[in-house]
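File shown: work07.cif (mmCIF, C-alpha atoms).
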```cif
data_structure
#
loop_
_atom_site.label_atom_id
_atom_site.label_comp_id
_atom_site.auth_asym_id
_atom_site.auth_seq_id
_atom_site.Cartn_x
_atom_site.Cartn_y
_atom_site.Cartn_z
CA MET R 74 116.27 96.24 97.40
CA ASN R 75 114.72 94.97 94.22
CA ARG R 76 115.70 95.72 90.64
CA LYS R 77 114.04 99.12 90.69
CA GLY R 78 115.60 100.13 93.98
CA ILE R 79 112.42 99.76 96.03
CA SER R 80 112.86 98.51 99.55
CA PHE R 81 110.69 98.07 102.60
CA ALA R 82 111.25 97.34 106.24
CA ALA R 83 109.92 94.01 107.50
CA SER R 84 106.65 95.56 108.56
CA LEU R 85 105.10 98.91 107.91
CA LYS R 86 101.90 98.87 109.90
CA PRO R 87 100.17 101.97 111.17
CA GLN R 88 100.89 102.34 114.85
CA ALA R 89 98.97 104.14 117.55
CA ARG R 90 99.81 107.84 117.41
CA PRO R 91 98.49 110.90 119.14
CA ALA R 92 94.99 111.92 118.02
CA GLU R 93 96.26 114.74 115.78
CA ASN R 94 98.27 112.31 113.65
CA THR R 95 96.38 110.55 110.87
CA GLY R 96 98.62 107.49 110.54
CA ALA R 97 102.04 105.95 110.75
CA MET R 98 105.08 108.04 109.99
CA PRO R 99 107.51 105.84 108.07
CA TYR R 100 111.09 106.83 107.54
CA VAL R 101 111.65 107.67 103.90
CA TYR R 102 114.89 107.05 102.04
CA ARG R 103 115.57 108.97 98.84
CA ASN R 104 118.02 108.58 95.96
CA SER R 105 120.26 111.34 94.66
CA ASP R 106 117.37 112.61 92.49
CA GLY R 107 115.16 113.03 95.56
CA ARG R 108 112.85 110.12 94.64
CA ILE R 109 111.71 107.79 97.40
CA ILE R 110 113.53 104.45 97.13
CA GLY R 111 112.67 102.90 100.48
CA LEU R 112 110.43 103.01 103.53
CA SER R 113 111.08 101.77 107.03
CA ASP R 114 109.27 101.80 110.35
CA ALA R 115 112.56 101.26 112.18
CA THR R 116 114.82 104.04 113.37
CA PRO R 117 117.02 104.89 110.39
CA THR R 118 120.69 103.98 110.22
CA GLY R 119 121.34 106.53 107.51
CA LYS R 120 119.86 109.71 106.18
CA ALA R 121 116.06 109.51 106.26
CA GLU R 122 113.06 111.67 106.88
CA GLU R 123 109.63 110.97 108.31
CA LEU R 124 106.57 111.38 106.13
CA ASP R 125 102.96 110.50 106.83
CA LEU R 126 101.66 107.41 105.03
CA SER R 127 99.08 109.65 103.36
CA HIS R 128 101.77 111.93 101.85
CA PRO R 129 101.43 111.96 98.03
CA GLU R 130 105.04 110.85 97.47
CA VAL R 131 104.64 107.92 99.88
CA LEU R 132 101.36 106.91 98.23
CA GLU R 133 102.99 107.07 94.79
CA PHE R 134 105.92 104.96 96.00
CA LEU R 135 103.57 102.36 97.48
CA GLN R 136 101.42 102.29 94.32
CA ASN R 137 104.52 101.81 92.14
CA ALA R 138 105.68 98.97 94.39
CA LYS R 139 102.23 97.36 94.21
CA ASN R 140 102.21 97.69 90.41
CA GLU R 141 105.67 96.15 90.18
CA LEU R 142 104.60 93.23 92.34
CA SER R 143 101.41 92.76 90.32
CA SER R 144 103.36 92.80 87.06
CA THR R 145 105.19 89.63 88.14
CA ASP R 146 102.07 87.75 89.28
CA SER R 147 101.32 85.94 86.02
CA ASP R 148 104.94 84.86 85.59
CA THR R 149 105.06 83.62 89.18
CA ILE R 150 101.80 81.72 88.75
CA ARG R 151 103.23 79.99 85.68
CA VAL R 152 106.38 79.02 87.63
CA ILE R 153 104.23 77.53 90.40
CA GLU R 154 102.12 75.62 87.87
CA ASP R 155 105.27 74.23 86.24
CA LEU R 156 106.71 73.31 89.64
CA VAL R 157 103.54 71.43 90.60
CA ASP R 158 103.63 69.59 87.23
CA VAL R 159 107.26 68.55 87.80
CA LEU R 160 106.52 67.37 91.34
CA ILE R 161 103.58 65.30 90.09
CA ARG R 162 105.57 63.82 87.17
CA LYS R 163 108.37 62.82 89.56
CA LYS R 164 105.74 61.35 91.88
CA LEU R 165 106.89 63.54 94.76
CA ILE R 166 103.30 64.63 95.26
CA LEU R 167 100.01 63.37 93.96
CA LEU R 168 97.44 65.67 92.42
CA THR R 169 95.04 64.35 95.05
CA ASP R 170 97.40 65.67 97.76
CA LEU R 171 96.30 69.17 96.81
CA PRO R 172 93.08 70.70 98.13
CA VAL R 173 90.10 70.40 95.78
CA PRO R 174 89.99 74.16 94.98
CA ALA R 175 93.70 74.09 94.05
CA ARG R 176 93.18 71.06 91.79
CA GLN R 177 90.23 72.75 90.12
CA LYS R 178 92.18 75.96 89.49
CA LEU R 179 95.20 74.11 88.12
CA SER R 180 93.00 71.97 85.87
CA GLU R 181 91.12 75.01 84.57
CA ARG R 182 94.34 76.88 83.80
CA GLN R 183 95.78 73.81 82.08
CA ARG R 184 92.60 73.47 79.98
CA ILE R 185 92.75 77.15 78.97
CA ARG R 186 96.46 76.92 78.13
CA ASN R 187 95.81 73.84 75.96
CA GLU R 188 93.02 75.65 74.11
CA LEU R 189 95.26 78.66 73.53
CA ASN R 190 98.03 76.38 72.22
CA VAL R 191 95.60 74.88 69.72
CA LEU R 192 94.62 78.38 68.58
CA ASP R 193 98.29 79.34 68.23
CA ASN R 194 98.86 76.32 66.00
CA LEU R 195 95.93 77.37 63.78
CA MET R 196 97.24 80.89 63.28
CA VAL R 197 99.36 81.46 60.21
CA GLY R 198 101.89 84.24 59.98
CA GLU R 199 102.14 86.52 56.94
CA GLU R 200 105.40 84.88 55.90
CA ASP R 201 103.61 81.49 55.71
CA ILE R 202 100.92 82.72 53.29
CA LEU R 203 103.01 82.41 50.10
#
```
Render the structure in this file as structure tokens.
Amino acid sequence: MNRKGISFAASLKPQARPAENTGAMPYVYRNSDGRIIGLSDATPTGKAEELDLSHPEVLEFLQNAKNELSSTDSDTIRVIEDLVDVLIRKKLILLTDLPVPARQKLSERQRIRNELNVLDNLMVGEEDIL
């Protein structure tokens, strides 16, 4: 489980069901407040219920999980950029070892970051005015 109590089984793929069923029926785990905190496609080991993937509560849970994952994307990208920089500085990899599109993206992000740093240096806070 992650910091917000969201957990998933290894795979939650829609499986073939009888024609009357519209999709997979994951097992739903709830907290003491009745909110969904986990989904699984495996037979539950604890208290769980089955809900259709199109159920509003399941959709809300999945959207919240997607939003949480997306909210960490920019931080993760920065970590990867910093890792690549360290590996290059230590000569563990060469920039030319990376595919051309990756080099272009890293170079573009570095250029943008440098430009933003210059702008930050030009900005003066209110306390610096006097």
At most 12 Å is the cut-off: for each residue in stretch 104-160 of chain R with any atom that close to an atom of stretch 179-191 of chain R, write down the nearest atom pair and the distance in Å rounded to one decimal, counting all atoms listed in the file, chain first then increasing number, as a Markdown table.
```
| residue | atom | partner | partner_atom | distance |
| --- | --- | --- | --- | --- |
| R:Ser147 | CA | R:Arg182 | CA | 11.7 |
| R:Ile150 | CA | R:Leu179 | CA | 10.1 |
| R:Arg151 | CA | R:Arg182 | CA | 9.6 |
| R:Ile153 | CA | R:Leu179 | CA | 9.9 |
| R:Glu154 | CA | R:Leu179 | CA | 7.1 |
| R:Asp155 | CA | R:Leu179 | CA | 10.2 |
| R:Leu156 | CA | R:Leu179 | CA | 11.6 |
| R:Val157 | CA | R:Leu179 | CA | 9.1 |
| R:Asp158 | CA | R:Leu179 | CA | 9.6 |
```
Neighbours of point (117.7, 104.3, 98.6) within 7 Å, using only C-alpha atoms, written as a PyMOL selection string: chain R and resi 78+102-104+110-111
One-decimal distance in Å that lies between atom CA of R:Leu171 and atom CA of R:Thr145: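 A separation of 23.9 Å between them.
We find atom CA of R:Glu130 and atom CA of R:Ile109 to be spaced 7.3 Å apart.
Interatomic distance, atom CA of R:Glu122 against atom CA of R:Tyr100: 5.3 Å.
Take the candidates R:Pro174, R:Asp106, R:Val101, R:Leu132 and check each one against R:Lys120 using only C-alpha atoms; the shortest distance goes to R:Val101.
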For R:His128, the nearest of the candidates R:Ser105, R:Leu195, R:Pro99, R:Val159, counting all atoms listed in the file: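 Among R:Ser105, R:Leu195, R:Pro99, R:Val159, it is R:Pro99 that comes nearest to R:His128.
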